[in-house]
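Shown below: target_1.cif, with mmCIF, C-alpha atoms and all ligand atoms.
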data_input
loop_
_atom_site.label_atom_id
_atom_site.label_comp_id
_atom_site.auth_asym_id
_atom_site.auth_seq_id
_atom_site.Cartn_x
_atom_site.Cartn_y
_atom_site.Cartn_z
CA MET A 192 63.80 83.82 82.93
CA PRO A 193 64.43 84.65 86.61
CA GLU A 194 63.56 88.24 87.36
CA GLU A 195 66.59 90.50 87.81
CA ARG A 196 67.41 91.54 91.34
CA PRO A 197 66.25 95.10 92.07
CA THR A 198 68.89 97.81 92.25
CA SER A 199 69.40 98.71 95.87
CA VAL A 200 69.57 102.50 96.49
CA LEU A 201 70.52 104.35 99.64
CA LEU A 202 69.08 107.86 99.39
CA VAL A 203 70.57 110.37 101.83
CA GLU A 204 68.28 113.40 101.79
CA ASP A 205 67.20 115.64 104.66
CA ASP A 206 64.22 117.18 102.85
CA GLU A 207 61.19 114.91 102.64
CA ASP A 208 59.76 116.68 99.58
CA ASP A 209 63.02 116.15 97.71
CA TYR A 210 63.05 112.51 98.79
CA ILE A 211 59.56 112.03 97.35
CA LEU A 212 60.65 113.73 94.13
CA THR A 213 63.73 111.52 93.68
CA ARG A 214 61.76 108.42 94.59
CA GLY A 215 59.23 109.41 91.90
CA LEU A 216 62.03 109.69 89.32
CA LEU A 217 63.42 106.29 90.26
CA ARG A 218 60.00 104.68 90.04
CA GLY A 219 59.50 106.32 86.66
CA ILE A 220 62.52 104.56 85.16
CA GLU A 221 61.30 101.81 82.89
CA GLY A 222 62.78 98.32 82.93
CA THR A 223 64.64 98.55 86.25
CA ARG A 224 63.26 98.10 89.72
CA TYR A 225 64.77 100.13 92.53
CA GLU A 226 64.62 99.25 96.17
CA ILE A 227 65.01 102.54 97.99
CA GLU A 228 65.99 103.16 101.58
CA TRP A 229 65.72 106.72 102.73
CA VAL A 230 67.84 108.21 105.49
CA ASP A 231 67.58 111.88 106.47
CA ASN A 232 70.83 112.50 108.39
CA SER A 233 74.50 111.99 107.74
CA LYS A 234 75.24 110.24 111.04
CA ARG A 235 72.86 107.38 110.31
CA ALA A 236 73.92 107.43 106.65
CA LEU A 237 77.56 106.83 107.64
CA GLU A 238 76.49 103.73 109.54
CA LEU A 239 74.32 102.39 106.72
CA ILE A 240 76.82 103.04 103.91
CA PHE A 241 79.07 100.28 105.23
CA GLN A 242 76.40 97.62 104.84
CA SER A 243 77.34 95.75 101.72
CA ARG A 244 73.85 95.67 100.20
CA TRP A 245 73.91 99.01 98.28
CA ASP A 246 74.38 99.20 94.55
CA ILE A 247 74.34 102.98 94.60
CA CYS A 248 74.15 105.82 97.09
CA LEU A 249 72.46 109.12 96.16
CA VAL A 250 73.55 111.94 98.48
CA ASP A 251 72.04 115.37 98.87
CA PHE A 252 74.55 118.23 98.86
CA ARG A 253 72.98 119.99 101.84
CA LEU A 254 72.68 117.78 104.89
CA GLY A 255 72.39 118.72 108.55
CA GLU A 256 75.65 117.96 110.29
CA HIS A 257 77.91 117.38 107.25
CA THR A 258 77.55 118.42 103.64
CA GLY A 259 77.03 115.61 101.15
CA LEU A 260 80.60 116.18 99.99
CA GLU A 261 81.95 115.67 103.49
CA LEU A 262 79.90 112.53 103.86
CA ILE A 263 81.30 111.07 100.63
CA ARG A 264 84.83 112.01 101.59
CA LEU A 265 84.48 110.45 105.04
CA ALA A 266 82.98 107.27 103.62
CA ARG A 267 85.84 106.96 101.09
CA GLU A 268 88.45 107.64 103.76
CA ARG A 269 86.97 104.83 105.82
CA GLY A 270 87.21 102.48 102.85
CA SER A 271 83.69 102.45 101.38
CA ARG A 272 83.65 101.43 97.71
CA VAL A 273 79.93 102.12 97.11
CA PRO A 274 79.38 104.41 94.09
CA PHE A 275 78.06 107.87 95.02
CA ILE A 276 76.05 110.39 93.02
CA LEU A 277 75.79 113.87 94.49
CA LEU A 278 72.43 115.66 94.15
CA THR A 279 72.62 119.44 94.39
CA GLY A 280 70.35 122.40 94.04
CA MET A 281 72.84 124.43 91.99
CA SER A 282 74.85 123.80 88.93
CA ASP A 283 78.38 125.09 89.14
CA ARG A 284 81.67 123.75 87.90
CA GLU A 285 83.40 124.07 91.22
CA THR A 286 80.91 121.86 93.05
CA ALA A 287 81.10 119.34 90.21
CA LEU A 288 84.89 119.16 90.46
CA GLU A 289 84.76 119.00 94.24
CA ALA A 290 82.24 116.16 94.07
CA MET A 291 84.52 114.16 91.77
CA SER A 292 87.60 114.75 93.87
CA ALA A 293 85.68 113.71 97.02
CA GLY A 294 85.00 110.39 95.30
CA ALA A 295 81.56 110.82 93.68
CA SER A 296 80.98 109.21 90.27
CA ASP A 297 78.59 111.90 89.12
CA TYR A 298 76.78 115.04 90.06
CA LEU A 299 73.13 115.80 89.21
CA VAL A 300 71.21 119.05 89.56
CA LYS A 301 67.82 118.67 91.22
CA GLY A 302 64.93 119.96 89.15
CA ARG A 303 66.98 119.50 85.97
CA THR A 304 67.20 115.74 86.21
CA ASP A 305 64.71 113.47 84.49
CA CYS A 306 64.29 109.69 84.62
CA ALA A 307 66.54 109.04 81.62
CA LEU A 308 69.40 111.17 82.98
CA LEU A 309 69.13 109.61 86.43
CA GLU A 310 69.09 106.10 84.99
CA ARG A 311 72.14 106.76 82.79
CA SER A 312 74.04 108.27 85.68
CA ILE A 313 73.25 105.35 88.01
CA ARG A 314 74.11 102.74 85.39
CA TYR A 315 77.45 104.43 84.64
CA ALA A 316 78.33 104.82 88.33
CA ILE A 317 77.61 101.15 89.05
CA GLN A 318 79.63 99.96 86.06
CA GLN A 319 82.53 102.21 86.99
CA ALA A 320 82.48 100.94 90.59
CA ARG A 321 82.48 97.33 89.38
CA ALA A 322 85.43 98.01 87.08
CA MET A 323 87.31 99.72 89.93
CA ALA A 324 86.58 96.82 92.28
CA ALA A 325 87.82 94.32 89.67
CA LEU A 326 90.98 96.40 89.17
CA ALA A 327 91.58 96.61 92.93
CA ARG A 328 91.14 92.83 93.21
CA ARG A 329 93.58 92.21 90.37
CA THR A 330 96.12 94.66 91.82
CA GLU A 331 95.88 92.92 95.19
CA GLU A 332 96.26 89.50 93.52
CA LEU A 333 99.26 90.74 91.56
CA ALA A 334 100.91 92.22 94.64
CA ARG A 335 100.30 88.96 96.52
CA SER A 336 101.70 86.77 93.76
CA ASN A 337 104.72 89.08 93.51
CA ARG A 338 105.30 88.77 97.23
CA GLU A 339 105.01 84.98 96.96
CA LEU A 340 107.42 84.89 94.03
CA GLU A 341 109.93 86.96 95.94
CA GLN A 342 109.64 84.73 99.00
CA PHE A 343 109.98 81.66 96.80
CA ALA A 344 113.07 83.11 95.11
CA SER A 345 114.65 83.95 98.49
CA VAL A 346 114.04 80.46 99.86
CA VAL A 347 115.23 78.73 96.68
CA SER A 348 118.33 80.90 96.49
CA HIS A 349 119.16 80.13 100.12
CA ASP A 350 118.57 76.38 99.57
CA LEU A 351 120.70 76.38 96.42
CA LYS A 352 123.54 78.29 98.01
CA SER A 353 123.85 76.02 101.06
CA PRO A 354 125.22 72.98 99.14
CA LEU A 355 127.51 75.31 97.16
CA GLN A 356 128.83 76.62 100.45
CA ILE A 357 129.60 73.05 101.54
CA VAL A 358 131.45 72.36 98.26
CA THR A 359 133.53 75.55 98.65
CA SER A 360 134.47 75.01 102.28
CA SER A 361 135.21 71.28 101.76
CA LEU A 362 137.47 72.07 98.82
CA GLU A 363 139.23 74.82 100.76
CA LEU A 364 139.78 72.46 103.66
CA TYR A 365 141.02 69.74 101.32
CA SER A 366 143.46 72.16 99.63
CA ILE A 367 144.83 73.30 102.98
CA LYS A 368 145.27 69.71 104.20
CA HIS A 369 146.75 68.19 101.06
CA GLY A 370 147.97 71.27 99.23
CA GLU A 371 151.61 70.23 99.19
CA HIS A 372 150.91 66.76 97.84
CA LEU A 373 148.43 67.75 95.14
CA SER A 374 149.41 67.05 91.55
CA PRO A 375 149.08 69.90 88.99
CA ASP A 376 146.08 68.02 87.55
CA ALA A 377 144.33 67.92 90.90
CA ARG A 378 145.00 71.65 91.43
CA LEU A 379 143.53 72.41 88.02
CA MET A 380 140.49 70.34 88.86
CA ILE A 381 139.95 72.15 92.19
CA ASP A 382 140.36 75.48 90.45
CA ARG A 383 137.73 74.50 87.87
CA ILE A 384 135.27 73.38 90.52
CA MET A 385 135.79 76.65 92.44
CA LYS A 386 135.14 78.70 89.29
CA ALA A 387 131.98 76.69 88.54
CA VAL A 388 130.76 77.25 92.09
CA MET A 389 131.40 80.99 91.78
CA ARG A 390 129.44 81.04 88.50
CA ALA A 391 126.55 79.24 90.18
CA HIS A 392 126.63 81.85 93.00
CA ALA A 393 126.54 84.68 90.45
CA LEU A 394 123.69 83.01 88.57
CA ILE A 395 121.62 82.56 91.72
CA ASP A 396 122.24 86.21 92.72
CA ASP A 397 121.21 87.46 89.27
CA LEU A 398 118.10 85.28 89.22
CA LEU A 399 117.15 86.51 92.66
CA ARG A 400 117.60 90.12 91.56
CA TYR A 401 115.42 89.44 88.53
CA ALA A 402 112.67 87.77 90.59
CA ARG A 403 112.72 90.57 93.19
CA LEU A 404 112.02 93.11 90.49
CA ASN A 405 108.47 91.85 90.33
CA ALA A 406 107.82 92.83 93.89
CA VAL A 407 106.16 96.21 94.13
CA VAL A 408 108.91 98.71 94.85
CA LYS A 409 108.91 102.42 95.40
CA LEU A 410 109.64 103.82 91.96
CA ALA A 411 109.15 107.51 92.42
CA GLU A 412 111.92 108.82 94.63
CA PRO A 413 114.27 111.56 93.44
CA VAL A 414 117.57 110.07 92.24
CA GLU A 415 120.66 112.18 91.46
CA LEU A 416 122.08 110.25 88.53
CA SER A 417 125.43 112.06 88.45
CA SER A 418 126.37 110.87 91.93
CA LEU A 419 124.77 107.47 91.36
CA VAL A 420 126.95 106.90 88.27
CA ASP A 421 130.04 108.14 90.18
CA THR A 422 129.34 105.48 92.82
CA VAL A 423 129.02 102.81 90.11
CA ILE A 424 132.36 103.92 88.62
CA GLU A 425 133.99 103.86 92.05
CA ASP A 426 132.65 100.38 92.75
CA LEU A 427 134.00 99.15 89.39
CA GLU A 428 137.45 100.62 90.06
CA PRO A 429 139.26 97.22 90.20
CA ALA A 430 137.96 96.26 86.72
CA ILE A 431 138.67 99.79 85.42
CA ALA A 432 142.26 99.63 86.68
CA GLU A 433 142.76 96.11 85.35
CA THR A 434 141.61 97.01 81.83
CA MET A 435 143.18 100.51 81.95
CA ALA A 436 139.77 101.88 81.00
CA GLN A 437 138.76 105.51 80.84
CA VAL A 438 135.20 106.17 82.00
CA THR A 439 133.71 109.65 81.56
CA ARG A 440 130.27 111.18 81.90
CA THR A 441 128.38 114.37 81.21
CA SER A 442 126.29 116.01 83.89
CA LEU A 443 123.25 113.80 84.47
CA PRO A 444 119.84 114.94 85.68
CA ARG A 445 117.92 114.21 88.82
CA VAL A 446 115.19 111.75 87.86
CA GLN A 447 112.24 110.09 89.55
CA GLY A 448 112.91 106.41 90.01
CA ASN A 449 114.33 103.75 92.25
CA ALA A 450 118.01 104.29 93.08
CA THR A 451 118.82 100.62 93.74
CA LEU A 452 117.35 99.54 90.41
CA LEU A 453 118.94 102.37 88.42
CA TYR A 454 122.30 101.54 90.03
CA GLN A 455 121.90 98.01 88.64
CA VAL A 456 121.23 99.37 85.13
CA PHE A 457 124.34 101.57 85.03
CA ASN A 458 126.40 98.89 86.76
CA ASN A 459 125.42 96.24 84.19
CA LEU A 460 125.93 98.52 81.18
CA ILE A 461 129.31 99.84 82.33
CA SER A 462 130.45 96.34 83.44
CA ASN A 463 129.58 95.00 80.00
CA ALA A 464 131.41 97.88 78.32
CA LEU A 465 134.49 97.02 80.42
CA LYS A 466 134.14 93.30 79.77
CA PHE A 467 133.49 93.24 76.01
CA HIS A 468 136.49 95.37 75.05
CA GLY A 469 138.66 94.85 72.00
CA ALA A 470 142.42 95.18 71.60
CA SER A 471 142.60 98.75 72.93
CA PRO A 472 141.70 99.75 76.49
CA PRO A 473 138.00 100.51 77.00
CA ARG A 474 136.79 104.08 76.46
CA ILE A 475 133.35 104.46 78.02
CA HIS A 476 131.21 107.57 78.00
CA ILE A 477 127.86 108.01 79.74
CA GLU A 478 125.71 110.91 78.64
CA SER A 479 122.33 112.47 79.05
CA VAL A 480 120.77 112.89 75.58
CA GLU A 481 118.35 115.56 74.33
CA SER A 482 115.31 113.50 73.39
CA GLU A 483 112.59 114.67 71.00
CA GLN A 484 110.10 113.73 73.69
CA ARG A 485 111.99 115.55 76.43
CA ASP A 486 108.70 116.68 78.01
CA GLN A 487 107.76 113.08 78.66
CA GLU A 488 111.07 111.30 79.16
CA TRP A 489 114.75 111.48 80.06
CA SER A 490 117.13 109.88 77.63
CA PHE A 491 120.62 108.40 78.18
CA ALA A 492 123.39 106.69 76.25
CA VAL A 493 126.34 104.52 77.31
CA HIS A 494 129.02 104.41 74.57
CA ASP A 495 131.95 102.03 74.36
CA ASN A 496 134.72 101.21 71.89
CA GLY A 497 134.44 97.44 72.42
CA ILE A 498 133.94 94.43 70.18
CA GLY A 499 130.46 95.50 69.09
CA ILE A 500 127.37 93.39 68.42
CA PRO A 501 126.30 91.87 65.08
CA LEU A 502 123.10 93.41 63.70
CA GLU A 503 121.07 90.21 64.02
CA HIS A 504 121.73 90.04 67.78
CA ARG A 505 121.02 93.63 68.71
CA ASP A 506 117.53 92.78 69.97
CA THR A 507 118.01 89.20 71.13
CA ILE A 508 120.75 90.09 73.65
CA PHE A 509 118.02 91.50 75.92
CA GLY A 510 116.51 88.01 76.36
CA MET A 511 117.24 85.88 79.43
CA PHE A 512 120.45 83.81 79.19
CA ARG A 513 121.31 85.23 75.76
CA ARG A 514 125.07 85.31 75.29
CA LEU A 515 127.09 85.61 72.12
CA HIS A 516 130.33 84.15 73.43
CA ARG A 517 131.65 81.13 75.23
CA ARG A 518 132.07 81.49 78.96
CA ASP A 519 135.84 80.99 78.79
CA GLN A 520 136.05 83.98 76.40
CA TYR A 521 133.88 86.35 78.47
CA PRO A 522 132.41 85.37 81.86
CA GLY A 523 128.76 86.13 82.65
CA THR A 524 125.29 84.76 83.31
CA GLY A 525 123.38 86.28 80.40
CA ILE A 526 120.87 87.92 82.76
CA GLY A 527 122.34 91.45 82.96
CA LEU A 528 120.62 92.99 79.94
CA ALA A 529 117.32 91.19 80.63
CA LEU A 530 117.46 92.73 84.09
CA CYS A 531 118.22 96.19 82.61
CA GLN A 532 115.30 95.89 80.22
CA LYS A 533 112.89 94.92 82.95
CA ILE A 534 114.05 97.73 85.24
CA ILE A 535 113.75 100.30 82.46
CA GLU A 536 110.28 99.05 81.57
CA ARG A 537 109.26 99.29 85.24
CA HIS A 538 110.30 102.95 84.94
CA GLY A 539 108.11 103.42 81.86
CA GLY A 540 111.09 103.56 79.49
CA ARG A 541 112.72 101.66 76.60
CA ILE A 542 116.23 100.29 76.06
CA TRP A 543 117.98 99.42 72.80
CA ALA A 544 121.46 98.98 71.36
CA GLU A 545 123.21 100.54 68.39
CA SER A 546 126.35 98.77 67.32
CA ALA A 547 128.41 97.11 64.64
CA PRO A 548 131.15 94.49 65.08
CA GLY A 549 134.47 96.18 65.79
CA GLN A 550 132.82 99.61 65.97
CA GLY A 551 131.86 99.70 69.64
CA SER A 552 128.34 99.79 71.02
CA THR A 553 125.94 102.39 72.34
CA PHE A 554 123.20 101.36 74.74
CA HIS A 555 120.35 103.89 74.77
CA PHE A 556 117.59 104.02 77.32
CA THR A 557 114.80 106.33 78.43
CA LEU A 558 112.97 106.87 81.72
CA SER A 559 109.44 108.21 81.84
CA LYS A 560 108.81 111.57 83.49
CA GLY A 561 105.14 110.67 83.96
CA GLN A 562 103.55 108.58 86.67
CA GLU A 563 101.42 106.31 84.47
CA HIS A 564 103.88 103.39 84.68
CA LEU A 565 103.71 103.28 88.46
CA LEU A 566 101.71 100.31 89.64
CA PRO A 567 99.20 101.22 92.31
CA SER A 568 100.77 99.72 95.38
CA ALA A 569 98.56 97.31 97.26
CA ASP A 570 101.03 97.31 100.10
CA PRO A 571 101.25 100.72 101.77
CA ALA A 572 104.68 99.88 103.14
CA THR A 573 106.28 99.65 99.71
P1 LIG B 601 126.44 88.75 80.33
O1 LIG B 601 127.20 90.03 80.31
O2 LIG B 601 126.33 88.14 81.68
O3 LIG B 601 126.91 87.78 79.30
P2 LIG B 601 124.21 90.35 79.45
O4 LIG B 601 122.75 90.04 79.50
O5 LIG B 601 124.68 91.53 80.21
O6 LIG B 601 124.93 89.04 79.91
O7 LIG B 601 124.62 90.53 77.93
C1 LIG B 601 124.17 89.59 76.98
C2 LIG B 601 125.16 89.51 75.83
O8 LIG B 601 125.12 90.73 75.06
C3 LIG B 601 126.59 89.37 76.25
O9 LIG B 601 126.95 88.04 76.52
C4 LIG B 601 127.33 89.93 75.04
O10 LIG B 601 127.42 88.94 74.04
C5 LIG B 601 126.40 91.03 74.54
N1 LIG B 601 126.81 92.36 75.03
C6 LIG B 601 126.31 93.02 76.08
N2 LIG B 601 126.89 94.22 76.24
C7 LIG B 601 127.82 94.32 75.27
C8 LIG B 601 128.78 95.33 74.90
N3 LIG B 601 128.88 96.49 75.56
N4 LIG B 601 129.55 95.08 73.81
C9 LIG B 601 129.44 93.91 73.14
N5 LIG B 601 128.57 92.94 73.44
C10 LIG B 601 127.77 93.13 74.49
#
Can the structure in the file be given as structure tokens, please?
Amino acid sequence: MPEERPTSVLLVEDDEDDYILTRGLLRGIEGTRYEIEWVDNSKRALELIFQSRWDICLVDFRLGEHTGLELIRLARERGSRVPFILLTGMSDRETALEAMSAGASDYLVKGRTDCALLERSIRYAIQQARAMAALARRTEELARSNRELEQFASVVSHDLKSPLQIVTSSLELYSIKHGEHLSPDARLMIDRIMKAVMRAHALIDDLLRYARLNAVVKLAEPVELSSLVDTVIEDLEPAIAETMAQVTRTSLPRVQGNATLLYQVFNNLISNALKFHGASPPRIHIESVESEQRDQEWSFAVHDNGIGIPLEHRDTIFGMFRRLHRRDQYPGTGIGLALCQKIIERHGGRIWAESAPGQGSTFHFTLSKGQEHLLPSADPAT
């Protein structure tokens, strides 16, 4: 078996006696060889830290120009990913917490540290640093592939729309030129083609919106939902007037999220409630609901008095391209609810429907109040 590579240690310690002591502990650890480089001042240490050869860096708390804590903080600020262990002469909680927040993996008290403790601490710090590096790599890869997907979607959508544009303008031109001589059949045909082109436009726009969701976006800005929903209602005014709908809402909270995405959620849900109405004019009510987990999440409901959804489809309607009706009955692309679900999940929430045919529907959704759903952004601009 090839012998394992020795663990490479940078020891930053201004006291030679302490250096000898720590070196003795490292040499006393059975089964692992340590290659130690000693440096006695923080200035030189800051230069050496950025060499990629270190597995671990042990830093004394008391150094000449900077404290060990300052050194760790500076190294982290400048992008060093080497794991640090702080060595101090005293044991107090405050220093321990400070060491961790500066970016150290552990904190050991000199004189109270033996070989076993030192070995365990080094092993843990190295493993943790490797896991963090792997996570950072994956996050960067994910952000890159999201950027590529978004670029791809933009290019494809542009390329798909160009021929549609040619069809539309050619047909318009043709209608203008020959309008008077066109037979009713020909007019019907042109009308059908125009409608199909409009559907294709809507589909491309929805797909693009869906693909863009993957790109890392700022999710934690304050959003006043009351005014956001008022804007949605205003923007849907033509459809509201046409269906003689009544849309009401309770007071809605200010949440942390992305306003553009949350606009899309309310817009899709209210549009659907307007579209899938029964014999009587739509009655739509948007409310903020008291959730049992109100410490962790906000909860909302959008009620309508429409045609309702059969039990067996209440979950499947959130899938891509899932539609329960023919296009000539109700227009649509079948992407709206899939988009809503993805947006809500990006906000750490859930979405579901309660409904029965002929009884109207209620779409419930939650948004997380925590930060755990936020992807670490690899792109500082987003
Ligand atoms: P689209 O509205 O483009 O068809 P969606 O993804 O928004 O696509 O909705 C998927 C399907 O779920 C709809 O086609 C419809 O059958 C059903 N649906 C959605 N919202 C409602 C609603 N408020 N009432 C009844 N059915 C609904």
Mind listing the residues within 7 Å of ligand LIG 601 (chain B), only C-alpha atoms and all ligand atoms counted, as a PyMOL selection string?
chain A and resi 459-460+463-464+467+495+497-500+508-509+511-516+522-529+551-552
Stretch 223-240 of chain A environment, 12 Å, only C-alpha atoms, sequence neighbours closer than 6 positions dropped, as a PyMOL selection string
chain A and resi 194-211+213-217+246-275+306-307+309-311+313-314
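Put simply, atom CA of A:Glu433 is 12.7 Å away from atom CA of A:Ser471.
Among the candidates A:Lys386, A:His494, A:Arg403, A:Arg517, the one nearest to A:Arg440 when counting all atoms listed in the file is A:His494.
Rounded to one decimal, atom CA of A:Ala316 and atom CA of A:Gly219 lie 19.0 Å from each other.
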May I have the residues within 6 Å of A:Ser559 as a PyMOL selection string, using only C-alpha atoms and disregarding those fewer than 5 positions away in the same chain?
chain A and resi 488+539-540
Within 12 Å of A:Arg400, counting only C-alpha atoms, which residues show up once you throw out same-chain ones fewer than 3 positions away? Write them as a list in words, please.
Leu340, Glu341, Ala344, Ser345, Ser348, Ala393, Leu394, Ile395, Asp396, Asp397, Arg403, Leu404, Asn405, Ala406, Thr451, Leu452, Gln455, Val456, Ile526, Gly527, Ala529, Leu530, Cys531, Lys533 and Ile534 of chain A
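Separating atom CA of A:Arg390 from atom CA of A:Ala430 is a distance of 17.5 Å.
Closest approach to A:Tyr401 among A:Arg505, A:Asn337, A:Gln319, A:Gln437 is made by A:Asn337 (distances from all atoms listed in the file).
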Among A:Ser336, A:Thr557, A:Thr304, A:Thr507, A:Phe491 is approached most closely, using all atoms listed in the file, by A:Thr557
My structure is short of atoms at stretch 431-439 of chain A; please model all heavy atoms there, returning them as a compact mmCIF listing (two decimals), in the frame of the given file.
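result_24.txt written:
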# COMPACT_ATOMS: atom_id res chain seq x y z
N ILE A 431 138.22 98.63 86.22
CA ILE A 431 138.67 99.79 85.42
C ILE A 431 140.20 99.82 85.40
O ILE A 431 140.83 99.99 84.34
CB ILE A 431 138.08 101.11 85.98
CG1 ILE A 431 136.56 101.11 85.76
CG2 ILE A 431 138.73 102.33 85.33
CD1 ILE A 431 135.83 102.26 86.41
N ALA A 432 140.79 99.61 86.59
CA ALA A 432 142.26 99.63 86.68
C ALA A 432 142.85 98.47 85.87
O ALA A 432 143.81 98.65 85.12
CB ALA A 432 142.68 99.54 88.14
N GLU A 433 142.23 97.30 86.01
CA GLU A 433 142.76 96.11 85.35
C GLU A 433 142.75 96.26 83.82
O GLU A 433 143.69 95.83 83.14
CB GLU A 433 141.91 94.90 85.76
CG GLU A 433 142.51 93.58 85.37
CD GLU A 433 141.53 92.43 85.62
OE1 GLU A 433 140.84 92.48 86.67
OE2 GLU A 433 141.44 91.53 84.79
N THR A 434 141.70 96.89 83.30
CA THR A 434 141.61 97.01 81.83
C THR A 434 142.20 98.34 81.33
O THR A 434 142.17 98.61 80.14
CB THR A 434 140.14 96.92 81.37
OG1 THR A 434 139.38 97.88 82.13
CG2 THR A 434 139.55 95.55 81.58
N MET A 435 142.66 99.17 82.25
CA MET A 435 143.18 100.51 81.95
C MET A 435 142.13 101.34 81.21
O MET A 435 142.41 102.05 80.23
CB MET A 435 144.47 100.41 81.14
CG MET A 435 145.57 99.81 81.98
SD MET A 435 147.18 99.96 81.25
CE MET A 435 147.03 99.01 79.79
N ALA A 436 140.89 101.20 81.68
CA ALA A 436 139.77 101.88 81.00
C ALA A 436 139.69 103.35 81.39
O ALA A 436 140.19 103.76 82.44
CB ALA A 436 138.47 101.18 81.38
N GLN A 437 139.05 104.11 80.53
CA GLN A 437 138.76 105.51 80.84
C GLN A 437 137.24 105.66 80.81
O GLN A 437 136.62 105.35 79.78
CB GLN A 437 139.40 106.38 79.77
CG GLN A 437 139.52 107.82 80.19
CD GLN A 437 140.13 108.62 79.06
OE1 GLN A 437 139.46 108.86 78.06
NE2 GLN A 437 141.38 108.99 79.20
N VAL A 438 136.67 106.05 81.94
CA VAL A 438 135.20 106.17 82.00
C VAL A 438 134.86 107.63 82.27
O VAL A 438 135.32 108.21 83.25
CB VAL A 438 134.61 105.27 83.11
CG1 VAL A 438 133.08 105.28 83.04
CG2 VAL A 438 135.14 103.85 82.99
N THR A 439 134.08 108.24 81.38
CA THR A 439 133.71 109.65 81.56
C THR A 439 132.19 109.78 81.50
O THR A 439 131.49 108.89 81.03
CB THR A 439 134.31 110.51 80.43
OG1 THR A 439 133.94 109.91 79.18
CG2 THR A 439 135.81 110.61 80.52
